[in-house]
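Structure file data_13.tsv; described as TSV, N, CA and C atoms.
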chain	number	residue	atom	x	y	z
A	436	MET	N	98.43	116.16	186.66
A	436	MET	CA	98.04	114.76	186.57
A	436	MET	C	98.73	114.00	187.71
A	437	GLN	N	98.02	113.10	188.29
A	437	GLN	CA	98.56	112.27	189.37
A	437	GLN	C	99.18	111.03	188.76
A	438	THR	N	100.50	111.05	188.60
A	438	THR	CA	101.18	109.95	187.89
A	438	THR	C	101.09	108.63	188.63
A	439	GLU	N	100.87	108.63	189.94
A	439	GLU	CA	100.76	107.36	190.66
A	439	GLU	C	99.49	106.59	190.27
A	440	ARG	N	98.53	107.26	189.64
A	440	ARG	CA	97.31	106.60	189.20
A	440	ARG	C	97.42	106.03	187.79
A	441	ILE	N	98.49	106.37	187.08
A	441	ILE	CA	98.69	105.87	185.72
A	441	ILE	C	99.28	104.47	185.80
A	442	LYS	N	98.65	103.53	185.10
A	442	LYS	CA	99.07	102.13	185.14
A	442	LYS	C	99.28	101.61	183.73
A	443	ILE	N	100.42	100.99	183.51
A	443	ILE	CA	100.71	100.33	182.24
A	443	ILE	C	100.87	98.84	182.52
A	444	GLN	N	100.16	98.04	181.78
A	444	GLN	CA	100.22	96.58	181.94
A	444	GLN	C	100.82	95.96	180.68
A	445	THR	N	101.57	94.91	180.85
A	445	THR	CA	102.14	94.17	179.74
A	445	THR	C	101.41	92.84	179.62
A	446	LEU	N	100.98	92.53	178.42
A	446	LEU	CA	100.20	91.33	178.18
A	446	LEU	C	100.92	90.07	178.65
A	447	ASP	N	102.23	90.01	178.47
A	447	ASP	CA	102.99	88.82	178.88
A	447	ASP	C	102.97	88.60	180.39
A	448	ASP	N	102.63	89.62	181.18
A	448	ASP	CA	102.58	89.49	182.63
A	448	ASP	C	101.23	88.99	183.14
A	449	ILE	N	100.25	88.84	182.25
A	449	ILE	CA	98.91	88.42	182.63
A	449	ILE	C	98.75	86.94	182.27
A	450	PRO	N	98.45	86.09	183.24
A	450	PRO	CA	98.27	84.66	182.92
A	450	PRO	C	97.03	84.43	182.06
A	451	ALA	N	97.12	83.45	181.18
A	451	ALA	CA	95.98	83.11	180.32
A	451	ALA	C	94.91	82.40	181.14
A	452	ASP	N	93.66	82.76	180.88
A	452	ASP	CA	92.50	82.11	181.48
A	452	ASP	C	91.87	81.25	180.39
A	453	ARG	N	91.82	79.93	180.61
A	453	ARG	CA	91.27	79.00	179.62
A	453	ARG	C	90.01	78.31	180.13
A	454	ARG	N	89.46	78.79	181.25
A	454	ARG	CA	88.30	78.12	181.86
A	454	ARG	C	87.08	78.07	180.95
A	455	ARG	N	86.87	79.06	180.12
A	455	ARG	CA	85.66	79.12	179.30
A	455	ARG	C	85.95	78.89	177.83
A	456	GLY	N	87.18	78.53	177.51
A	456	GLY	CA	87.58	78.30	176.13
A	456	GLY	C	88.48	79.40	175.63
A	457	GLY	N	89.29	79.06	174.64
A	457	GLY	CA	90.23	80.02	174.10
A	457	GLY	C	91.27	80.41	175.13
A	458	GLU	N	92.00	81.45	174.81
A	458	GLU	CA	93.00	82.00	175.71
A	458	GLU	C	92.63	83.45	175.97
A	459	VAL	N	92.13	83.75	177.17
A	459	VAL	CA	91.64	85.08	177.52
A	459	VAL	C	92.59	85.70	178.54
A	460	ARG	N	92.95	86.95	178.29
A	460	ARG	CA	93.81	87.69	179.23
A	460	ARG	C	93.15	89.04	179.50
A	461	THR	N	92.76	89.26	180.76
A	461	THR	CA	92.17	90.53	181.14
A	461	THR	C	93.30	91.46	181.57
A	462	LEU	N	93.59	92.42	180.72
A	462	LEU	CA	94.76	93.27	180.88
A	462	LEU	C	94.52	94.42	181.86
A	463	LEU	N	93.43	95.14	181.66
A	463	LEU	CA	93.11	96.30	182.50
A	463	LEU	C	91.79	96.04	183.21
A	464	SER	N	91.83	95.99	184.54
A	464	SER	CA	90.64	95.64	185.32
A	464	SER	C	90.76	96.24	186.72
A	465	PRO	N	89.70	96.13	187.51
A	465	PRO	CA	89.82	96.58	188.91
A	465	PRO	C	90.96	95.88	189.64
A	466	LYS	N	91.15	94.60	189.35
A	466	LYS	CA	92.20	93.83	190.02
A	466	LYS	C	93.60	94.23	189.57
A	467	THR	N	93.78	94.46	188.26
A	467	THR	CA	95.12	94.73	187.75
A	467	THR	C	95.54	96.20	187.82
A	468	VAL	N	94.60	97.12	187.61
A	468	VAL	CA	94.96	98.55	187.59
A	468	VAL	C	94.04	99.43	188.42
A	469	GLY	N	93.05	98.83	189.08
A	469	GLY	CA	92.13	99.62	189.90
A	469	GLY	C	91.08	100.38	189.11
A	470	SER	N	90.74	99.90	187.91
A	470	SER	CA	89.72	100.59	187.10
A	470	SER	C	88.38	100.56	187.83
A	471	THR	N	87.55	101.54	187.53
A	471	THR	CA	86.26	101.65	188.22
A	471	THR	C	85.06	101.63	187.27
A	472	SER	N	85.29	101.67	185.96
A	472	SER	CA	84.16	101.75	185.03
A	472	SER	C	84.03	100.53	184.12
A	473	GLY	N	85.02	99.67	184.08
A	473	GLY	CA	84.96	98.51	183.20
A	473	GLY	C	86.30	97.82	183.15
A	474	PHE	N	86.42	96.88	182.20
A	474	PHE	CA	87.70	96.20	182.03
A	474	PHE	C	87.93	95.85	180.57
A	475	MET	N	89.21	95.60	180.21
A	475	MET	CA	89.60	95.37	178.84
A	475	MET	C	90.63	94.26	178.79
A	476	GLY	N	90.57	93.48	177.72
A	476	GLY	CA	91.54	92.41	177.55
A	476	GLY	C	91.60	91.93	176.12
A	477	VAL	N	92.28	90.81	175.94
A	477	VAL	CA	92.42	90.21	174.61
A	477	VAL	C	92.08	88.73	174.71
A	478	ALA	N	91.67	88.18	173.58
A	478	ALA	CA	91.39	86.75	173.50
A	478	ALA	C	91.97	86.22	172.20
A	479	ASN	N	92.44	84.99	172.27
A	479	ASN	CA	92.95	84.29	171.09
A	479	ASN	C	92.24	82.94	171.01
A	480	LEU	N	91.77	82.63	169.81
A	480	LEU	CA	91.08	81.36	169.57
A	480	LEU	C	91.79	80.64	168.44
A	481	ALA	N	92.27	79.44	168.71
A	481	ALA	CA	92.87	78.61	167.67
A	481	ALA	C	91.74	78.06	166.80
A	482	PRO	N	92.05	77.56	165.61
A	482	PRO	CA	91.02	76.95	164.78
A	482	PRO	C	90.24	75.88	165.56
A	483	GLY	N	88.92	75.96	165.49
A	483	GLY	CA	88.06	75.01	166.18
A	483	GLY	C	87.73	75.37	167.63
A	484	GLU	N	88.41	76.35	168.20
A	484	GLU	CA	88.14	76.73	169.60
A	484	GLU	C	86.95	77.67	169.69
A	485	LYS	N	86.37	77.71	170.88
A	485	LYS	CA	85.27	78.63	171.14
A	485	LYS	C	85.36	79.14	172.57
A	486	ILE	N	84.72	80.26	172.80
A	486	ILE	CA	84.48	80.75	174.15
A	486	ILE	C	83.03	80.41	174.45
A	487	ASN	N	82.80	79.64	175.51
A	487	ASN	CA	81.48	79.12	175.84
A	487	ASN	C	80.44	80.23	176.01
A	488	GLU	N	79.18	79.83	175.78
A	488	GLU	CA	78.08	80.78	175.90
A	488	GLU	C	77.97	81.31	177.32
A	489	HIS	N	77.72	82.62	177.41
A	489	HIS	CA	77.54	83.30	178.68
A	489	HIS	C	76.83	84.62	178.41
A	490	TYR	N	76.53	85.37	179.47
A	490	TYR	CA	75.99	86.72	179.31
A	490	TYR	C	76.43	87.57	180.48
A	491	HIS	N	76.26	88.87	180.30
A	491	HIS	CA	76.64	89.86	181.32
A	491	HIS	C	75.40	90.65	181.71
A	492	PRO	N	74.87	90.46	182.93
A	492	PRO	CA	73.63	91.14	183.32
A	492	PRO	C	73.79	92.63	183.59
A	493	TYR	N	75.01	93.13	183.69
A	493	TYR	CA	75.21	94.55	184.01
A	493	TYR	C	76.04	95.29	182.97
A	494	SER	N	76.69	94.58	182.05
A	494	SER	CA	77.67	95.20	181.17
A	494	SER	C	77.38	94.98	179.70
A	495	GLU	N	77.69	96.00	178.91
A	495	GLU	CA	77.80	95.84	177.46
A	495	GLU	C	79.18	95.28	177.20
A	496	GLU	N	79.31	94.53	176.10
A	496	GLU	CA	80.64	94.06	175.70
A	496	GLU	C	80.93	94.55	174.30
A	497	PHE	N	82.11	95.11	174.13
A	497	PHE	CA	82.59	95.59	172.84
A	497	PHE	C	83.70	94.63	172.39
A	498	LEU	N	83.60	94.16	171.15
A	498	LEU	CA	84.62	93.29	170.57
A	498	LEU	C	85.23	93.98	169.36
A	499	TYR	N	86.53	93.80	169.18
A	499	TYR	CA	87.20	94.26	167.97
A	499	TYR	C	88.12	93.14	167.51
A	500	VAL	N	87.90	92.65	166.30
A	500	VAL	CA	88.70	91.55	165.75
A	500	VAL	C	89.97	92.13	165.13
A	501	ILE	N	91.10	91.71	165.67
A	501	ILE	CA	92.40	92.17	165.17
A	501	ILE	C	92.82	91.35	163.95
A	502	SER	N	92.70	90.03	164.07
A	502	SER	CA	93.10	89.16	162.96
A	502	SER	C	92.23	87.90	162.96
A	503	GLY	N	92.08	87.32	161.78
A	503	GLY	CA	91.27	86.13	161.64
A	503	GLY	C	89.80	86.47	161.44
A	504	ALA	N	88.96	85.46	161.58
A	504	ALA	CA	87.51	85.61	161.42
A	504	ALA	C	86.83	84.69	162.43
A	505	LEU	N	85.67	85.11	162.91
A	505	LEU	CA	84.96	84.29	163.88
A	505	LEU	C	83.47	84.44	163.71
A	506	VAL	N	82.75	83.54	164.34
A	506	VAL	CA	81.29	83.60	164.40
A	506	VAL	C	80.93	83.97	165.83
A	507	ALA	N	80.16	85.04	165.97
A	507	ALA	CA	79.62	85.43	167.27
A	507	ALA	C	78.15	85.04	167.26
A	508	GLN	N	77.77	84.10	168.12
A	508	GLN	CA	76.36	83.71	168.23
A	508	GLN	C	75.74	84.55	169.33
A	509	LEU	N	74.78	85.38	168.97
A	509	LEU	CA	74.09	86.25	169.91
A	509	LEU	C	72.65	85.78	170.03
A	510	ASP	N	72.29	85.31	171.20
A	510	ASP	CA	70.96	84.72	171.41
A	510	ASP	C	70.64	83.70	170.32
A	511	GLY	N	71.66	82.90	169.95
A	511	GLY	CA	71.50	81.83	168.98
A	511	GLY	C	71.63	82.23	167.53
A	512	ILE	N	71.74	83.52	167.22
A	512	ILE	CA	71.85	83.98	165.84
A	512	ILE	C	73.32	84.21	165.51
A	513	PRO	N	73.84	83.57	164.43
A	513	PRO	CA	75.25	83.73	164.09
A	513	PRO	C	75.52	85.04	163.33
A	514	TYR	N	76.58	85.71	163.73
A	514	TYR	CA	77.07	86.91	163.05
A	514	TYR	C	78.54	86.66	162.73
A	515	ARG	N	78.91	86.85	161.46
A	515	ARG	CA	80.29	86.61	161.04
A	515	ARG	C	81.08	87.91	161.13
A	516	LEU	N	82.22	87.83	161.80
A	516	LEU	CA	83.10	88.99	161.95
A	516	LEU	C	84.47	88.65	161.38
A	517	ARG	N	85.09	89.63	160.78
A	517	ARG	CA	86.44	89.45	160.26
A	517	ARG	C	87.34	90.55	160.83
A	518	ALA	N	88.61	90.45	160.53
A	518	ALA	CA	89.57	91.44	161.01
A	518	ALA	C	89.12	92.85	160.66
A	519	ARG	N	89.34	93.76	161.60
A	519	ARG	CA	89.03	95.19	161.48
A	519	ARG	C	87.54	95.48	161.63
A	520	GLN	N	86.78	94.53	162.16
A	520	GLN	CA	85.36	94.78	162.46
A	520	GLN	C	85.14	94.74	163.96
A	521	GLY	N	84.17	95.53	164.41
A	521	GLY	CA	83.80	95.57	165.81
A	521	GLY	C	82.35	95.16	165.99
A	522	LEU	N	82.00	94.79	167.21
A	522	LEU	CA	80.66	94.33	167.54
A	522	LEU	C	80.30	94.79	168.94
A	523	LEU	N	79.09	95.29	169.10
A	523	LEU	CA	78.54	95.61	170.42
A	523	LEU	C	77.60	94.49	170.82
A	524	ILE	N	77.83	93.91	171.99
A	524	ILE	CA	76.94	92.89	172.55
A	524	ILE	C	76.18	93.56	173.69
A	525	PRO	N	74.87	93.76	173.54
A	525	PRO	CA	74.09	94.46	174.56
A	525	PRO	C	74.02	93.69	175.89
A	526	ILE	N	73.70	94.39	176.93
A	526	ILE	CA	73.51	93.81	178.26
A	526	ILE	C	72.50	92.67	178.17
A	527	GLY	N	72.81	91.55	178.79
A	527	GLY	CA	71.88	90.43	178.90
A	527	GLY	C	71.80	89.51	177.70
A	528	VAL	N	72.51	89.80	176.61
A	528	VAL	CA	72.45	88.94	175.42
A	528	VAL	C	73.42	87.76	175.60
A	529	ARG	N	72.88	86.57	175.46
A	529	ARG	CA	73.72	85.36	175.52
A	529	ARG	C	74.61	85.34	174.29
A	530	HIS	N	75.89	85.01	174.51
A	530	HIS	CA	76.81	84.99	173.37
A	530	HIS	C	77.92	83.97	173.56
A	531	ARG	N	78.36	83.44	172.42
A	531	ARG	CA	79.53	82.56	172.37
A	531	ARG	C	80.31	82.98	171.14
A	532	LEU	N	81.61	82.78	171.19
A	532	LEU	CA	82.49	83.12	170.07
A	532	LEU	C	83.14	81.84	169.57
A	533	ILE	N	83.09	81.62	168.26
A	533	ILE	CA	83.57	80.37	167.67
A	533	ILE	C	84.52	80.68	166.51
A	534	ASN	N	85.66	80.03	166.51
A	534	ASN	CA	86.57	80.11	165.38
A	534	ASN	C	86.31	78.90	164.50
A	535	GLU	N	85.58	79.08	163.42
A	535	GLU	CA	85.27	77.99	162.48
A	535	GLU	C	86.29	77.90	161.35
A	536	GLY	N	87.26	78.82	161.34
A	536	GLY	CA	88.22	78.87	160.25
A	536	GLY	C	89.45	78.02	160.49
A	537	ASP	N	90.43	78.18	159.60
A	537	ASP	CA	91.67	77.42	159.70
A	537	ASP	C	92.85	78.29	160.14
A	538	GLN	N	92.56	79.52	160.56
A	538	GLN	CA	93.57	80.43	161.09
A	538	GLN	C	93.15	80.87	162.49
A	539	GLY	N	94.12	81.27	163.30
A	539	GLY	CA	93.81	81.78	164.63
A	539	GLY	C	93.07	83.11	164.56
A	540	VAL	N	92.36	83.42	165.64
A	540	VAL	CA	91.64	84.68	165.77
A	540	VAL	C	92.21	85.41	166.99
A	541	SER	N	92.46	86.70	166.82
A	541	SER	CA	92.84	87.56	167.95
A	541	SER	C	91.84	88.70	168.02
A	542	LEU	N	91.38	89.00	169.23
A	542	LEU	CA	90.42	90.08	169.40
A	542	LEU	C	90.67	90.82	170.71
A	543	VAL	N	90.17	92.04	170.75
A	543	VAL	CA	90.19	92.87	171.95
A	543	VAL	C	88.75	92.96	172.45
A	544	PHE	N	88.56	92.92	173.78
A	544	PHE	CA	87.22	93.09	174.34
A	544	PHE	C	87.26	94.14	175.45
A	545	HIS	N	86.13	94.80	175.62
A	545	HIS	CA	85.96	95.76	176.71
A	545	HIS	C	84.55	95.59	177.25
A	546	LEU	N	84.39	95.58	178.56
A	546	LEU	CA	83.08	95.50	179.19
A	546	LEU	C	82.90	96.67	180.13
A	547	GLY	N	81.70	97.21	180.18
A	547	GLY	CA	81.37	98.27	181.11
A	547	GLY	C	79.88	98.54	181.05
A	548	PRO	N	79.30	99.05	182.11
A	548	PRO	CA	79.95	99.30	183.39
A	548	PRO	C	80.18	97.99	184.15
A	549	LEU	N	80.89	98.11	185.25
A	549	LEU	CA	81.15	96.94	186.09
A	549	LEU	C	79.88	96.49	186.81
A	550	ALA	N	79.81	95.20	187.09
A	550	ALA	CA	78.74	94.65	187.93
A	550	ALA	C	79.00	95.07	189.37
A	551	PRO	N	77.97	95.03	190.22
A	551	PRO	CA	78.16	95.41	191.63
A	551	PRO	C	79.24	94.57	192.33
A	552	ARG	N	79.35	93.29	191.94
A	552	ARG	CA	80.41	92.40	192.47
A	552	ARG	C	80.92	91.56	191.31
A	553	PRO	N	82.20	91.15	191.35
A	553	PRO	CA	82.74	90.35	190.24
A	553	PRO	C	81.95	89.08	189.96
A	554	ASP	N	81.44	88.40	190.97
A	554	ASP	CA	80.71	87.15	190.74
A	554	ASP	C	79.36	87.36	190.08
A	555	MET	N	78.91	88.61	189.97
A	555	MET	CA	77.64	88.91	189.33
A	555	MET	C	77.81	89.38	187.88
A	556	GLY	N	79.05	89.50	187.41
A	556	GLY	CA	79.30	90.10	186.11
A	556	GLY	C	79.27	89.16	184.94
A	557	HIS	N	79.46	87.87	185.18
A	557	HIS	CA	79.59	86.89	184.09
A	557	HIS	C	78.78	85.65	184.46
A	558	ILE	N	77.78	85.33	183.68
A	558	ILE	CA	76.91	84.19	183.94
A	558	ILE	C	77.10	83.15	182.84
A	559	ASP	N	77.67	82.00	183.20
A	559	ASP	CA	77.86	80.91	182.24
A	559	ASP	C	76.52	80.21	181.98
A	560	THR	N	76.28	79.84	180.72
A	560	THR	CA	75.04	79.13	180.36
A	560	THR	C	75.35	77.75	179.79
A	561	GLU	N	76.61	77.39	179.67
A	561	GLU	CA	76.97	76.03	179.25
A	561	GLU	C	78.25	75.61	179.91

Mind turning the file's structure into structure tokens?
Amino acid sequence: MQTERIKIQTLDDIPADRRRGGEVRTLLSPKTVGSTSGFMGVANLAPGEKINEHYHPYSEEFLYVISGALVAQLDGIPYRLRARQGLLIPIGVRHRLINEGDQGVSLVFHLGPLAPRPDMGHIDTE
């Protein structure tokens, strides 16, 4: 095994991205670890927070709810998720994540494959 290719990232070393709502930290990505097939991170949503609607024209998105409960709106249809549940968001499906509860939500996300360029991977719709 080529140990120089092994990368460990610490969540506390990744700045929070709040541009689209919530607190999103992309932990493993082409930028942080040189990944070539996708990227993974975590998101936290306080009560009442949401991640704005968007879609990925090249990537599937996998969500796993660690704690709390949220509503995932997929092409306008609400799906309720709770802790220990996962969700596959297919390529091209518009989605937003909303914390309608009174407790915080923590989740893990993974997207793959990568878009041809980073600016083509995430399309905001609001």

*For Pro482 (chain A), list every protein, DNA or RNA residue within 5 Å, evaluated using all atoms listed in the file, and leave out those in the same chain fewer than 2 positions away; present the list as a PyMOL selection string.*
chain A and resi 480+484+536+538-539

*Between atom N of Thr471 (chain A) and atom N of Gly457 (chain A), what is the spacing in Å?*
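It comes out at 26.0 Å.
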
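Between CA of Asp537 (chain A) and CA of Met475 (chain A) there is a distance of 26.3 Å.
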
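Shell of Ala481 (chain A) at 12 Å, with only C-alpha atoms counted and residues fewer than 4 places along the chain excluded, is Gly456, Gly457, Glu458, Val459, Lys485, Ile486, Ser502, Gly503, Ala504, Leu505, Leu532, Ile533, Asn534, Glu535, Gly536, Asp537, Gln538, Gly539, Val540, Ser541 and Leu542 of chain A.
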
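Atom to atom, atom N of Leu546 (chain A) and atom N of Leu498 (chain A) stand 7.6 Å apart.
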
*asked:* So that I can check the surroundings of region 519-525 of chain A, please list as a PyMOL selection string every protein, DNA and RNA residue that reaches within 6.5 Å of it, counting only N, CA and C atoms and ignoring chain neighbours fewer than 6 positions away.
replied: chain A and resi 494-502

Go ahead and save the residues from that selection, with N, CA and C atoms, as a compact mmCIF listing (two decimals), in the coordinates of the input.
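This went into result09.txt:
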# COMPACT_ATOMS: atom_id res chain seq x y z
N SER A 494 76.69 94.58 182.05
CA SER A 494 77.67 95.20 181.17
C SER A 494 77.38 94.98 179.70
N GLU A 495 77.69 96.00 178.91
CA GLU A 495 77.80 95.84 177.46
C GLU A 495 79.18 95.28 177.20
N GLU A 496 79.31 94.53 176.10
CA GLU A 496 80.64 94.06 175.70
C GLU A 496 80.93 94.55 174.30
N PHE A 497 82.11 95.11 174.13
CA PHE A 497 82.59 95.59 172.84
C PHE A 497 83.70 94.63 172.39
N LEU A 498 83.60 94.16 171.15
CA LEU A 498 84.62 93.29 170.57
C LEU A 498 85.23 93.98 169.36
N TYR A 499 86.53 93.80 169.18
CA TYR A 499 87.20 94.26 167.97
C TYR A 499 88.12 93.14 167.51
N VAL A 500 87.90 92.65 166.30
CA VAL A 500 88.70 91.55 165.75
C VAL A 500 89.97 92.13 165.13
N ILE A 501 91.10 91.71 165.67
CA ILE A 501 92.40 92.17 165.17
C ILE A 501 92.82 91.35 163.95
N SER A 502 92.70 90.03 164.07
CA SER A 502 93.10 89.16 162.96
C SER A 502 92.23 87.90 162.96

*Using only N, CA and C atoms, pick whichever of A:His545, A:His489, A:Arg529, A:Arg460 has the shortest atom-to-atom distance to His557 (chain A).*
A:His489

*Which residue out of A:Tyr493, A:Asp448, A:Ser470, A:Arg453 has the minimum interatomic distance to Pro548 (chain A) when all atoms listed in the file are used?*
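When distances to Pro548 (chain A) are compared using all atoms listed in the file, the smallest one comes from A:Tyr493.
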
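Ranking A:Gln444, A:Ser464, A:Ser472, A:Asn479 by their shortest atom-to-atom distance to Val543 (chain A), with only C-alpha atoms included, puts A:Asn479 first.
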
*List every residue of region 466-498 of chain A that DSSP, applied to the backbone of this structure, assigns to strand (DSSP E or B), and report them as an NGL selection string.*
:A and (474-480 or 485-490 or 495-498)
